[in-house]
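Asks: What follows is query-v3.csv, CSV, N, CA and C atoms.
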chain,number,residue,atom,x,y,z
Y,275,MET,N,24.6,7.5,-16.7
Y,275,MET,CA,24.8,8.3,-15.5
Y,275,MET,C,26.3,8.3,-15.2
Y,276,ILE,N,26.7,9.4,-14.7
Y,276,ILE,CA,28.1,9.7,-14.4
Y,276,ILE,C,28.4,9.0,-13.1
Y,277,PRO,N,29.6,8.2,-13.0
Y,277,PRO,CA,29.9,7.5,-11.8
Y,277,PRO,C,30.0,8.5,-10.6
Y,278,GLY,N,29.5,8.1,-9.5
Y,278,GLY,CA,29.6,8.9,-8.3
Y,278,GLY,C,28.4,9.8,-8.1
Y,279,MET,N,27.6,10.0,-9.2
Y,279,MET,CA,26.5,10.9,-9.1
Y,279,MET,C,25.2,10.1,-8.7
Y,280,HIS,N,24.4,10.7,-7.9
Y,280,HIS,CA,23.2,10.0,-7.6
Y,280,HIS,C,22.0,10.7,-8.2
Y,281,THR,N,21.0,10.0,-8.6
Y,281,THR,CA,19.8,10.6,-9.1
Y,281,THR,C,18.9,10.8,-7.9
Y,282,ALA,N,18.1,11.9,-8.0
Y,282,ALA,CA,17.1,12.2,-6.9
Y,282,ALA,C,16.0,11.1,-7.0
Y,283,PRO,N,15.5,10.8,-5.8
Y,283,PRO,CA,14.4,9.8,-5.8
Y,283,PRO,C,13.2,10.4,-6.5
Y,284,PRO,N,12.4,9.6,-7.1
Y,284,PRO,CA,11.2,10.1,-7.8
Y,284,PRO,C,10.3,10.8,-6.8
Y,285,PRO,N,9.6,11.8,-7.2
Y,285,PRO,CA,8.7,12.5,-6.3
Y,285,PRO,C,7.6,11.5,-5.8
Y,286,PRO,N,7.1,11.7,-4.6
Y,286,PRO,CA,6.0,10.9,-4.2
Y,286,PRO,C,4.7,11.1,-5.1
Y,287,PRO,N,3.9,10.1,-5.3
Y,287,PRO,CA,2.7,10.3,-6.1
Y,287,PRO,C,1.8,11.3,-5.4
Y,288,PRO,N,0.8,11.8,-6.2
Y,288,PRO,CA,-0.1,12.7,-5.6
Y,288,PRO,C,-0.9,12.1,-4.5
Y,289,PRO,N,-1.4,12.9,-3.5
Y,289,PRO,CA,-2.1,12.3,-2.4
Y,289,PRO,C,-3.3,11.5,-2.8
Y,290,ALA,N,-4.0,11.9,-3.9
Y,290,ALA,CA,-5.2,11.1,-4.4
Y,290,ALA,C,-4.8,9.7,-4.7
Y,291,VAL,N,-3.6,9.5,-5.3
Y,291,VAL,CA,-3.2,8.1,-5.6
Y,291,VAL,C,-3.0,7.3,-4.4
Y,292,ILE,N,-2.3,7.8,-3.4
Y,292,ILE,CA,-2.0,7.1,-2.2
Y,292,ILE,C,-3.4,6.9,-1.4
Y,293,ASP,N,-4.2,7.9,-1.4
Y,293,ASP,CA,-5.6,7.7,-0.8
Y,293,ASP,C,-6.3,6.6,-1.4
Y,294,GLY,N,-6.3,6.5,-2.7
Y,294,GLY,CA,-7.0,5.4,-3.4
Y,294,GLY,C,-6.4,4.0,-3.1
Y,295,ILE,N,-5.1,3.9,-3.0
Y,295,ILE,CA,-4.5,2.6,-2.6
Y,295,ILE,C,-4.9,2.2,-1.2
Y,296,PHE,N,-4.8,3.2,-0.3
Y,296,PHE,CA,-5.1,2.8,1.1
Y,296,PHE,C,-6.7,2.6,1.3
Y,297,ARG,N,-7.5,3.3,0.5
Y,297,ARG,CA,-8.9,3.0,0.6
Y,297,ARG,C,-9.2,1.6,0.1
Y,298,ALA,N,-8.5,1.2,-1.0
Y,298,ALA,CA,-8.7,-0.1,-1.5
Y,298,ALA,C,-8.2,-1.2,-0.5
Y,299,LEU,N,-7.1,-0.9,0.2
Y,299,LEU,CA,-6.6,-1.9,1.1
Y,299,LEU,C,-7.3,-1.9,2.5
Y,300,SER,N,-8.2,-0.9,2.7
Y,300,SER,CA,-8.9,-0.8,4.0
Y,300,SER,C,-10.0,-1.9,4.1
Y,301,ASP,N,-10.4,-2.5,3.1
Y,301,ASP,CA,-11.5,-3.5,3.2
Y,301,ASP,C,-10.9,-4.9,3.2
Y,302,PRO,N,-11.4,-5.8,4.2
Y,302,PRO,CA,-10.9,-7.1,4.3
Y,302,PRO,C,-11.1,-8.0,3.0
Y,303,THR,N,-12.3,-7.8,2.4
Y,303,THR,CA,-12.5,-8.6,1.2
Y,303,THR,C,-11.5,-8.2,0.1
Y,304,ARG,N,-11.2,-7.0,-0.1
Y,304,ARG,CA,-10.3,-6.6,-1.1
Y,304,ARG,C,-8.9,-7.1,-0.8
Y,305,ARG,N,-8.5,-7.0,0.5
Y,305,ARG,CA,-7.2,-7.5,0.9
Y,305,ARG,C,-7.1,-9.0,0.6
Y,306,SER,N,-8.2,-9.7,0.9
Y,306,SER,CA,-8.2,-11.2,0.6
Y,306,SER,C,-8.1,-11.5,-0.9
Y,307,VAL,N,-8.7,-10.7,-1.7
Y,307,VAL,CA,-8.6,-10.9,-3.1
Y,307,VAL,C,-7.2,-10.6,-3.6
Y,308,LEU,N,-6.5,-9.6,-3.0
Y,308,LEU,CA,-5.1,-9.4,-3.4
Y,308,LEU,C,-4.2,-10.6,-3.0
Y,309,GLU,N,-4.5,-11.1,-1.8
Y,309,GLU,CA,-3.7,-12.3,-1.4
Y,309,GLU,C,-3.9,-13.5,-2.3
Y,310,ARG,N,-5.1,-13.7,-2.8
Y,310,ARG,CA,-5.4,-14.8,-3.7
Y,310,ARG,C,-4.7,-14.5,-5.0
Y,311,LEU,N,-4.8,-13.3,-5.5
Y,311,LEU,CA,-4.2,-12.9,-6.8
Y,311,LEU,C,-2.6,-12.9,-6.7
Y,312,SER,N,-2.1,-12.9,-5.5
Y,312,SER,CA,-0.6,-13.0,-5.4
Y,312,SER,C,-0.1,-14.3,-5.8
Y,313,ALA,N,-1.0,-15.3,-5.6
Y,313,ALA,CA,-0.6,-16.7,-6.0
Y,313,ALA,C,-0.8,-17.0,-7.5
Y,314,LYS,N,-1.9,-16.5,-8.1
Y,314,LYS,CA,-2.1,-16.7,-9.5
Y,314,LYS,C,-3.3,-15.9,-9.9
Y,315,SER,N,-3.4,-15.6,-11.2
Y,315,SER,CA,-4.5,-14.9,-11.8
Y,315,SER,C,-5.7,-15.7,-11.7
Y,316,ALA,N,-6.9,-15.0,-11.7
Y,316,ALA,CA,-8.2,-15.8,-11.6
Y,316,ALA,C,-9.3,-15.0,-12.3
Y,317,SER,N,-10.3,-15.7,-12.7
Y,317,SER,CA,-11.4,-15.1,-13.3
Y,317,SER,C,-12.3,-14.5,-12.2
Y,318,VAL,N,-13.2,-13.7,-12.7
Y,318,VAL,CA,-14.2,-13.1,-11.7
Y,318,VAL,C,-15.0,-14.1,-11.0
Y,319,SER,N,-15.5,-15.1,-11.7
Y,319,SER,CA,-16.3,-16.1,-11.1
Y,319,SER,C,-15.5,-17.0,-10.1
Y,320,ASP,N,-14.2,-17.3,-10.5
Y,320,ASP,CA,-13.4,-18.0,-9.5
Y,320,ASP,C,-13.1,-17.2,-8.3
Y,321,LEU,N,-12.9,-16.0,-8.4
Y,321,LEU,CA,-12.6,-15.1,-7.2
Y,321,LEU,C,-13.9,-15.0,-6.4
Y,322,ALA,N,-15.0,-14.7,-7.0
Y,322,ALA,CA,-16.3,-14.5,-6.3
Y,322,ALA,C,-16.8,-15.7,-5.6
Y,323,ALA,N,-16.4,-16.9,-6.0
Y,323,ALA,CA,-16.9,-18.2,-5.5
Y,323,ALA,C,-16.7,-18.3,-4.0
Y,324,ASP,N,-15.6,-17.7,-3.5
Y,324,ASP,CA,-15.3,-17.8,-2.0
Y,324,ASP,C,-16.0,-16.8,-1.1
Y,325,TYR,N,-16.8,-15.9,-1.7
Y,325,TYR,CA,-17.4,-14.8,-0.9
Y,325,TYR,C,-18.9,-14.9,-1.0
Y,326,ARG,N,-19.5,-14.7,0.2
Y,326,ARG,CA,-21.0,-14.8,0.3
Y,326,ARG,C,-21.6,-13.4,0.0
Y,327,MET,N,-21.6,-13.0,-1.2
Y,327,MET,CA,-22.2,-11.7,-1.6
Y,327,MET,C,-22.6,-11.8,-3.1
Y,328,ALA,N,-23.5,-11.0,-3.4
Y,328,ALA,CA,-24.0,-10.9,-4.8
Y,328,ALA,C,-22.9,-10.6,-5.7
Y,329,LEU,N,-22.9,-11.1,-6.9
Y,329,LEU,CA,-21.8,-10.9,-7.9
Y,329,LEU,C,-21.6,-9.4,-8.2
Y,330,PRO,N,-22.7,-8.6,-8.3
Y,330,PRO,CA,-22.4,-7.1,-8.6
Y,330,PRO,C,-21.7,-6.5,-7.4
Y,331,SER,N,-22.0,-6.9,-6.2
Y,331,SER,CA,-21.2,-6.3,-5.0
Y,331,SER,C,-19.8,-6.7,-5.1
Y,332,PHE,N,-19.5,-8.0,-5.4
Y,332,PHE,CA,-18.1,-8.4,-5.5
Y,332,PHE,C,-17.4,-7.7,-6.6
Y,333,VAL,N,-18.0,-7.5,-7.8
Y,333,VAL,CA,-17.4,-6.8,-8.9
Y,333,VAL,C,-17.1,-5.4,-8.5
Y,334,ALA,N,-17.9,-4.8,-7.6
Y,334,ALA,CA,-17.6,-3.4,-7.2
Y,334,ALA,C,-16.3,-3.4,-6.4
Y,335,HIS,N,-16.0,-4.5,-5.6
Y,335,HIS,CA,-14.7,-4.6,-5.0
Y,335,HIS,C,-13.6,-4.6,-6.0
Y,336,LEU,N,-13.8,-5.4,-7.0
Y,336,LEU,CA,-12.7,-5.5,-8.1
Y,336,LEU,C,-12.5,-4.2,-8.8
Y,337,ARG,N,-13.6,-3.4,-9.0
Y,337,ARG,CA,-13.4,-2.1,-9.6
Y,337,ARG,C,-12.6,-1.2,-8.7
Y,338,VAL,N,-12.8,-1.2,-7.4
Y,338,VAL,CA,-12.0,-0.4,-6.5
Y,338,VAL,C,-10.6,-0.8,-6.6
Y,339,LEU,N,-10.3,-2.1,-6.6
Y,339,LEU,CA,-8.9,-2.5,-6.7
Y,339,LEU,C,-8.3,-2.1,-8.0
Y,340,GLU,N,-9.0,-2.2,-9.1
Y,340,GLU,CA,-8.5,-1.8,-10.4
Y,340,GLU,C,-8.3,-0.3,-10.5
Y,341,GLY,N,-9.3,0.4,-10.0
Y,341,GLY,CA,-9.2,1.9,-10.0
Y,341,GLY,C,-8.0,2.4,-9.2
Y,342,ALA,N,-7.6,1.7,-8.2
Y,342,ALA,CA,-6.4,2.0,-7.4
Y,342,ALA,C,-5.1,1.5,-8.1
Y,343,GLY,N,-5.2,0.7,-9.1
Y,343,GLY,CA,-4.1,0.2,-9.8
Y,343,GLY,C,-3.4,-1.0,-9.2
Y,344,LEU,N,-4.2,-1.6,-8.3
Y,344,LEU,CA,-3.6,-2.8,-7.6
Y,344,LEU,C,-3.8,-4.1,-8.3
Y,345,VAL,N,-4.8,-4.1,-9.2
Y,345,VAL,CA,-5.0,-5.3,-10.1
Y,345,VAL,C,-5.2,-4.8,-11.5
Y,346,ARG,N,-5.0,-5.7,-12.4
Y,346,ARG,CA,-5.3,-5.4,-13.9
Y,346,ARG,C,-6.2,-6.5,-14.3
Y,347,SER,N,-7.0,-6.2,-15.3
Y,347,SER,CA,-7.9,-7.2,-15.8
Y,347,SER,C,-7.8,-7.3,-17.4
Y,348,LYS,N,-8.1,-8.4,-17.9
Y,348,LYS,CA,-8.1,-8.6,-19.3
Y,348,LYS,C,-9.3,-9.5,-19.6
Y,349,LYS,N,-9.9,-9.2,-20.8
Y,349,LYS,CA,-11.1,-10.0,-21.1
Y,349,LYS,C,-10.8,-10.8,-22.4
Y,350,GLU,N,-11.0,-12.1,-22.3
Y,350,GLU,CA,-10.9,-13.0,-23.4
Y,350,GLU,C,-12.2,-13.7,-23.6
Y,351,GLY,N,-12.9,-13.4,-24.7
Y,351,GLY,CA,-14.2,-13.9,-24.9
Y,351,GLY,C,-15.2,-13.3,-23.9
Y,352,ARG,N,-15.8,-14.2,-23.1
Y,352,ARG,CA,-16.7,-13.7,-22.1
Y,352,ARG,C,-16.1,-13.8,-20.7
Y,353,VAL,N,-14.9,-14.1,-20.6
Y,353,VAL,CA,-14.2,-14.3,-19.3
Y,353,VAL,C,-13.3,-13.1,-19.0
Y,354,ARG,N,-13.5,-12.5,-17.9
Y,354,ARG,CA,-12.6,-11.4,-17.4
Y,354,ARG,C,-11.7,-12.0,-16.3
Y,355,THR,N,-10.4,-11.9,-16.6
Y,355,THR,CA,-9.4,-12.4,-15.6
Y,355,THR,C,-8.6,-11.3,-15.0
Y,356,TYR,N,-8.4,-11.4,-13.7
Y,356,TYR,CA,-7.7,-10.4,-12.9
Y,356,TYR,C,-6.3,-10.9,-12.5
Y,357,GLU,N,-5.4,-10.0,-12.5
Y,357,GLU,CA,-4.0,-10.3,-11.9
Y,357,GLU,C,-3.5,-9.2,-11.1
Y,358,LEU,N,-2.6,-9.5,-10.2
Y,358,LEU,CA,-2.1,-8.6,-9.2
Y,358,LEU,C,-1.2,-7.6,-10.0
Y,359,ALA,N,-1.2,-6.3,-9.6
Y,359,ALA,CA,-0.3,-5.3,-10.2
Y,359,ALA,C,0.7,-4.9,-9.0
Y,360,PRO,N,1.7,-5.7,-8.8
Y,360,PRO,CA,2.5,-5.5,-7.6
Y,360,PRO,C,3.2,-4.1,-7.5
Y,361,GLU,N,3.5,-3.5,-8.7
Y,361,GLU,CA,4.2,-2.3,-8.6
Y,361,GLU,C,3.5,-1.2,-7.9
Y,362,ARG,N,2.2,-1.3,-7.9
Y,362,ARG,CA,1.4,-0.3,-7.2
Y,362,ARG,C,1.5,-0.5,-5.7
Y,363,LEU,N,1.7,-1.7,-5.2
Y,363,LEU,CA,1.9,-1.9,-3.8
Y,363,LEU,C,3.1,-1.3,-3.3
Y,364,GLN,N,4.1,-1.1,-4.2
Y,364,GLN,CA,5.4,-0.4,-3.9
Y,364,GLN,C,5.1,1.0,-3.5
Y,365,VAL,N,4.1,1.7,-4.1
Y,365,VAL,CA,3.8,3.0,-3.7
Y,365,VAL,C,3.4,3.1,-2.3
Y,366,ALA,N,2.5,2.2,-1.8
Y,366,ALA,CA,2.1,2.1,-0.4
Y,366,ALA,C,3.3,1.8,0.5
Y,367,GLU,N,4.2,0.9,0.1
Y,367,GLU,CA,5.3,0.6,0.9
Y,367,GLU,C,6.3,1.8,1.0
Y,368,ASP,N,6.5,2.5,-0.1
Y,368,ASP,CA,7.3,3.7,-0.1
Y,368,ASP,C,6.8,4.7,0.9
Y,369,TRP,N,5.4,4.9,0.8
Y,369,TRP,CA,4.8,5.9,1.7
Y,369,TRP,C,5.0,5.5,3.2
Y,370,LEU,N,4.8,4.3,3.5
Y,370,LEU,CA,4.9,3.8,4.8
Y,370,LEU,C,6.4,3.9,5.3
Y,371,GLY,N,7.3,3.7,4.4
Y,371,GLY,CA,8.8,3.8,4.7
Y,371,GLY,C,9.1,5.2,5.0
Y,372,ARG,N,8.6,6.2,4.2
Y,372,ARG,CA,8.8,7.6,4.5
Y,372,ARG,C,8.3,8.0,5.9
Y,373,GLN,N,7.1,7.5,6.2
Y,373,GLN,CA,6.5,7.8,7.5
Y,373,GLN,C,7.3,7.2,8.6
Y,374,ARG,N,7.8,5.9,8.5
Y,374,ARG,CA,8.6,5.3,9.5
Y,374,ARG,C,9.9,6.1,9.7
Y,375,THR,N,10.6,6.5,8.6
Y,375,THR,CA,11.8,7.2,8.7
Y,375,THR,C,11.6,8.6,9.5
Y,376,MET,N,10.5,9.2,9.2
Y,376,MET,CA,10.2,10.5,9.8
Y,376,MET,C,10.0,10.3,11.3
Y,377,TRP,N,9.2,9.3,11.7
Y,377,TRP,CA,8.9,9.1,13.1
Y,377,TRP,C,10.1,8.5,13.9
Y,378,GLU,N,11.0,7.7,13.2
Y,378,GLU,CA,12.2,7.3,13.9
Y,378,GLU,C,13.1,8.5,14.2
Y,379,ARG,N,13.2,9.4,13.2
Y,379,ARG,CA,14.0,10.6,13.5
Y,379,ARG,C,13.4,11.4,14.6
Y,380,ARG,N,12.1,11.6,14.6
Y,380,ARG,CA,11.5,12.4,15.7
Y,380,ARG,C,11.7,11.7,17.1
Y,381,LEU,N,11.6,10.4,17.1
Y,381,LEU,CA,11.8,9.7,18.4
Y,381,LEU,C,13.2,9.7,18.8
Y,382,ASP,N,14.2,9.6,17.8
Y,382,ASP,CA,15.6,9.8,18.2
Y,382,ASP,C,15.9,11.1,18.8
Y,383,ARG,N,15.3,12.2,18.2
Y,383,ARG,CA,15.5,13.5,18.8
Y,383,ARG,C,14.9,13.6,20.2
Y,384,LEU,N,13.8,13.1,20.4
Y,384,LEU,CA,13.1,13.1,21.7
Y,384,LEU,C,14.0,12.3,22.7
Y,385,ASP,N,14.5,11.2,22.3
Y,385,ASP,CA,15.4,10.4,23.2
Y,385,ASP,C,16.6,11.2,23.5
Y,386,ALA,N,17.2,11.8,22.6
Y,386,ALA,CA,18.4,12.6,22.8
Y,386,ALA,C,18.1,13.8,23.8
Y,387,TYR,N,16.9,14.4,23.6
Y,387,TYR,CA,16.5,15.5,24.4
Y,387,TYR,C,16.3,15.0,25.9
Y,388,LEU,N,15.6,13.9,26.0
Y,388,LEU,CA,15.3,13.4,27.3
Y,388,LEU,C,16.6,13.0,28.1
Y,389,LEU,N,17.5,12.4,27.3
Y,389,LEU,CA,18.8,12.0,27.9
Y,389,LEU,C,19.6,13.2,28.4
Y,390,LYS,N,19.5,14.3,27.6
Y,390,LYS,CA,20.2,15.5,28.0
Y,390,LYS,C,19.5,16.1,29.2
Y,391,MET,N,18.2,16.1,29.3
Y,391,MET,CA,17.5,16.6,30.5
Y,391,MET,C,17.9,15.8,31.7
Y,392,LYS,N,17.9,14.5,31.6
Y,392,LYS,CA,18.3,13.6,32.7
Y,392,LYS,C,19.7,13.9,33.2
Y,393,LYS,N,20.6,14.1,32.2
Y,393,LYS,CA,22.0,14.4,32.6
Y,393,LYS,C,22.1,15.7,33.3
Y,394,GLU,N,21.3,16.7,32.8
Y,394,GLU,CA,21.4,18.1,33.4
Y,394,GLU,C,20.8,18.0,34.9
Y,395,ARG,N,19.8,17.2,35.1
Y,395,ARG,CA,19.2,17.1,36.4
Y,395,ARG,C,20.1,16.4,37.4
Y,396,SER,N,20.9,15.5,36.9
Y,396,SER,CA,21.8,14.7,37.8
Y,396,SER,C,23.0,15.5,38.1
Y,397,GLU,N,23.3,16.6,37.4
Y,397,GLU,CA,24.5,17.4,37.7
Y,397,GLU,C,24.4,18.3,38.8
With the file now loaded, output its structure as structure tokens.

Replies:
Amino acid sequence: MIPGMHTAPPPPPPPAVIDGIFRALSDPTRRSVLERLSAKSASVSDLAADYRMALPSFVAHLRVLEGAGLVRSKKEGRVRTYELAPERLQVAEDWLGRQRTMWERRLDRLDAYLLKMKKERSE
């Protein structure tokens, strides 16, 4: 890259990707699984042991997380192990950051407008 030149930020991912991530994050069981996987990888049976639900129901949660790209799995023999895929969480963080920036700008404009109105009324 040439010094002084900036590259454009990457385009945001398609809405379906963001929708899938937030859908996966919308469930407390799935968020709990992500928190556990942030500490260390775990097998399906280790992860499922903490939840009072049938194994097929729990595995459905893992499929949603994997489909959203928030976790990865690998199978060794008969054991499937899951690990966190933190780079996908960055997509959610970037989306939230863009929303925060947009609303901060809007609120700053509103504040400036209201201050201007107040000043005009007092004159």

Asks: At what distance in Å, to one decimal, does atom N of Arg346 in chain Y lie from atom C of Gly371 in chain Y?

Replies: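 Taking atom C of Gly371 in chain Y as the start and atom N of Arg346 in chain Y as the end point, the length is 24.9 Å.
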
Asks: Using Å and a single decimal, report how far CA of Ile292 in chain Y sits from atom N of Glu350 in chain Y.

Replies: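 About the pair atom N of Glu350 in chain Y and CA of Ile292 in chain Y: they are 29.2 Å apart.
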
Asks: According to DSSP computed on the backbone, where in range 324-360 of chain Y is there helix (DSSP H, G or I)? Give the residues as a VMD selection string.

Replies: chain Y and resid 329 to 341 360

Asks: Can you list, as JSON, numbers by chain, every protein, DNA or RNA residue that comes within 6.5 Å of range 303-315 of chain Y when you count all atoms listed in the file, leaving out same-chain residues fewer than 3 positions away?

Replies: {"Y": [298, 299, 300, 335, 355, 356, 357, 358]}

Asks: Would you mind telling me which residue in Y:Leu384, Y:Leu389, Y:Ala342, Y:Leu370 lies nearest to Val291 in chain Y when using only C-alpha atoms?

Replies: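 The shortest atom-to-atom distance to Val291 in chain Y comes from Y:Ala342.
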
Asks: May I have the residues within 7 Å of Arg354 in chain Y as a list in words, using all atoms listed in the file and disregarding those fewer than 6 positions away in the same chain?

Replies: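 The filter keeps Ala316, Ser317, Val318, Ser319, Ser347 and Lys348 of chain Y.
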
Asks: Would you export the selected residues with N, CA and C atoms as a tab-separated table (two decimals), in the coordinates of the input, please?

Replies:
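Ended up saving to selection_7.tsv:
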chain	number	residue	atom	x	y	z
Y	316	ALA	N	-6.90	-15.00	-11.70
Y	316	ALA	CA	-8.20	-15.80	-11.60
Y	316	ALA	C	-9.30	-15.00	-12.30
Y	317	SER	N	-10.30	-15.70	-12.70
Y	317	SER	CA	-11.40	-15.10	-13.30
Y	317	SER	C	-12.30	-14.50	-12.20
Y	318	VAL	N	-13.20	-13.70	-12.70
Y	318	VAL	CA	-14.20	-13.10	-11.70
Y	318	VAL	C	-15.00	-14.10	-11.00
Y	319	SER	N	-15.50	-15.10	-11.70
Y	319	SER	CA	-16.30	-16.10	-11.10
Y	319	SER	C	-15.50	-17.00	-10.10
Y	347	SER	N	-7.00	-6.20	-15.30
Y	347	SER	CA	-7.90	-7.20	-15.80
Y	347	SER	C	-7.80	-7.30	-17.40
Y	348	LYS	N	-8.10	-8.40	-17.90
Y	348	LYS	CA	-8.10	-8.60	-19.30
Y	348	LYS	C	-9.30	-9.50	-19.60

Asks: If we count only C-alpha atoms, what is near Trp369 in chain Y at a cut-off of 12 Å, once residues fewer than 2 positions away on the same chain are taken out, given as a ChimeraX atom specification?

Replies: /Y:285-289,291-293,295-296,362-367,371-376

Asks: As a PyMOL selection string, please: all residues of range 326-393 of chain Y that backbone DSSP puts in strand (DSSP E).

Replies: chain Y and resi 345-350+353-358

Asks: Mind pulling up the distance from atom N of Ala323 in chain Y to atom N of Arg352 in chain Y?

Replies: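 Taking atom N of Arg352 in chain Y as the start and atom N of Ala323 in chain Y as the end point, the length is 17.3 Å.
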
Asks: Which of these residues is nearest to Pro302 in chain Y, using only C-alpha atoms: Y:Ala359, Y:Asp320, Y:Tyr325, Y:Glu378?

Replies: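 Counting only C-alpha atoms, the residue closest to Pro302 in chain Y is Y:Tyr325.
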